[in-house]
Amino acid sequence: MLSRLEQTQQKYGGANHIIDNWLTERQELLVKYCKLAALPPYDTEAKQLPDVANVNDFCQVLIDYLSAGHFEVFNDIVKQCREHGPESAKLAENIYPKITETTNKLVEFNDKYMAMNVSADLGDFDSDLSEIGQILESQLELEDELIQTLYSKHS
């Protein structure tokens with residue numbers, strides 16, 4: 001996921017201020033995810049459940065990222081795609097419902113874990129976090145497809 005982010009930043013960085021800010025937020029989200037999931041380079045020798053504060057922090061960054069995408073970036077990209085012809089508009093309109101579906105699953109994860117406390121039952125956390133990683137990967141692919149459509153055909 002981090003290498004995908006780096007490629008996206010190299011390819012589209014500097015082309016649009018809103019996209020640049022959003023990609024910076026994406027980087028923060030992915031770093032926090034990797035730390036939470038104990039993925040390289042943040043893996044630990046002793047596998048243990050993460051600190052509740054780290055889970056809450058990840059959830060907050062996740063919601064901030066999703067909100068920025070939904071309320072700022074997607075609307076801007078879809079609008080620009082519509083302005084550049086029916087082919088781009090159709091592609092954007094096909095991708096957007098898929099992004100909404102993955103976003104809903106990510107929000108469900110947030111709702112389940114955001115308000116947890118130190119006595120919370122984390123029995124499903126590892127499997128939920130693994131699933132969220134897969135959903136994030138799908139989300140990022142869809143987002144990059146929207147960005148690609150906008151910049152490859154209209155910049």
# chains A, B, ... in the order shown; residues from 1 in each chain; ligands from 1
$ residues_around --residues "segment 89-103 of chain A" --least-positions-apart "5" --cutoff "7 Å" --atoms "only C-alpha atoms" --output "PyMOL selection string"
chain A and resi 66+78+81-82+135+139+142+146
$ residues_around --residues "Ser3 of chain A" --least-positions-apart "3" --cutoff "12 Å" --atoms "only C-alpha atoms" --output "CSV table (one decimal) with N, CA and C atoms, in the first residue's frame"
chain,number,residue,atom,x,y,z
A,6,GLU,N,3.4,5.9,-2.9
A,6,GLU,CA,4.6,6.6,-3.5
A,6,GLU,C,4.5,6.8,-5.0
A,7,GLN,N,4.0,5.8,-5.7
A,7,GLN,CA,3.8,5.9,-7.1
A,7,GLN,C,2.8,6.9,-7.5
A,8,THR,N,1.7,7.0,-6.7
A,8,THR,CA,0.6,8.0,-7.0
A,8,THR,C,1.2,9.4,-6.7
A,9,GLN,N,1.9,9.5,-5.6
A,9,GLN,CA,2.5,10.9,-5.3
A,9,GLN,C,3.4,11.3,-6.4
A,10,GLN,N,4.3,10.4,-6.9
A,10,GLN,CA,5.2,10.7,-7.9
A,10,GLN,C,4.5,11.1,-9.2
A,27,GLN,N,-1.0,9.1,3.3
A,27,GLN,CA,0.2,8.6,3.8
A,27,GLN,C,0.1,8.5,5.3
A,30,LEU,N,-1.9,5.3,6.1
A,30,LEU,CA,-1.3,4.1,5.8
A,30,LEU,C,-0.1,3.8,6.8
A,31,VAL,N,0.6,4.8,7.2
A,31,VAL,CA,1.6,4.6,8.2
A,31,VAL,C,1.0,4.1,9.5
A,137,GLU,N,-6.9,-1.4,0.5
A,137,GLU,CA,-6.3,-1.6,-0.8
A,137,GLU,C,-7.2,-1.4,-2.0
A,140,LEU,N,-8.1,2.3,-2.3
A,140,LEU,CA,-7.0,3.1,-2.9
A,140,LEU,C,-6.9,2.9,-4.4
$ residues_around --residues "Leu106 of chain A" --least-positions-apart "4" --cutoff "12 Å" --atoms "only C-alpha atoms" --output "number ranges by chain"
A: 58-67, 99-102, 110-114, 128-139
$ select_by_dssp --residues "chain A" --states "helix (DSSP H, G or I)" --output "NGL selection string"
:A and (2-12 or 17-36 or 52-83 or 86-113 or 125-154)
$ residues_around --residues "Ile77 of chain A" --least-positions-apart "6" --cutoff "10 Å" --atoms "only C-alpha atoms" --output "PyMOL selection string"
chain A and resi 19+69+83+89+92+143+146-147+149-151
$ write_last_selection --atoms "N, CA and C atoms" --output "mmCIF file, in the first residue's frame"
data_model
loop_
_atom_site.group_PDB
_atom_site.id
_atom_site.type_symbol
_atom_site.label_atom_id
_atom_site.label_comp_id
_atom_site.auth_asym_id
_atom_site.auth_seq_id
_atom_site.Cartn_x
_atom_site.Cartn_y
_atom_site.Cartn_z
ATOM 1 N N ILE A 19 -5.684 17.327 -4.211
ATOM 2 C CA ILE A 19 -5.177 15.955 -4.328
ATOM 3 C C ILE A 19 -3.897 15.803 -3.511
ATOM 4 N N GLY A 69 -11.982 12.704 1.346
ATOM 5 C CA GLY A 69 -12.248 12.108 0.040
ATOM 6 C C GLY A 69 -13.684 12.311 -0.391
ATOM 7 N N GLU A 83 -17.261 17.477 -16.793
ATOM 8 C CA GLU A 83 -16.999 18.614 -17.680
ATOM 9 C C GLU A 83 -16.183 18.218 -18.907
ATOM 10 N N ALA A 89 -17.160 10.996 -17.572
ATOM 11 C CA ALA A 89 -18.262 11.079 -16.615
ATOM 12 C C ALA A 89 -18.792 9.682 -16.301
ATOM 13 N N ALA A 92 -16.291 7.827 -14.057
ATOM 14 C CA ALA A 92 -16.358 8.363 -12.694
ATOM 15 C C ALA A 92 -17.627 7.894 -11.993
ATOM 16 N N GLU A 143 -9.676 4.907 -5.907
ATOM 17 C CA GLU A 143 -9.359 6.332 -5.837
ATOM 18 C C GLU A 143 -8.313 6.699 -6.888
ATOM 19 N N LEU A 146 -9.794 6.994 -10.298
ATOM 20 C CA LEU A 146 -10.444 8.292 -10.509
ATOM 21 C C LEU A 146 -9.414 9.374 -10.819
ATOM 22 N N ILE A 147 -8.360 9.403 -10.035
ATOM 23 C CA ILE A 147 -7.310 10.402 -10.245
ATOM 24 C C ILE A 147 -6.675 10.204 -11.619
ATOM 25 N N THR A 149 -7.992 8.884 -14.296
ATOM 26 C CA THR A 149 -8.928 9.301 -15.338
ATOM 27 C C THR A 149 -8.889 10.812 -15.521
ATOM 28 N N LEU A 150 -8.897 11.516 -14.435
ATOM 29 C CA LEU A 150 -8.884 12.964 -14.503
ATOM 30 C C LEU A 150 -7.605 13.475 -15.149
ATOM 31 N N TYR A 151 -6.469 12.990 -14.705
ATOM 32 C CA TYR A 151 -5.207 13.563 -15.162
ATOM 33 C C TYR A 151 -4.695 12.993 -16.472
#
$ closest_residue --among "A:Lys11, A:Lys105, A:Lys35, A:His70" --to "Asn54 of chain A" --atoms "only C-alpha atoms"
A:Lys35
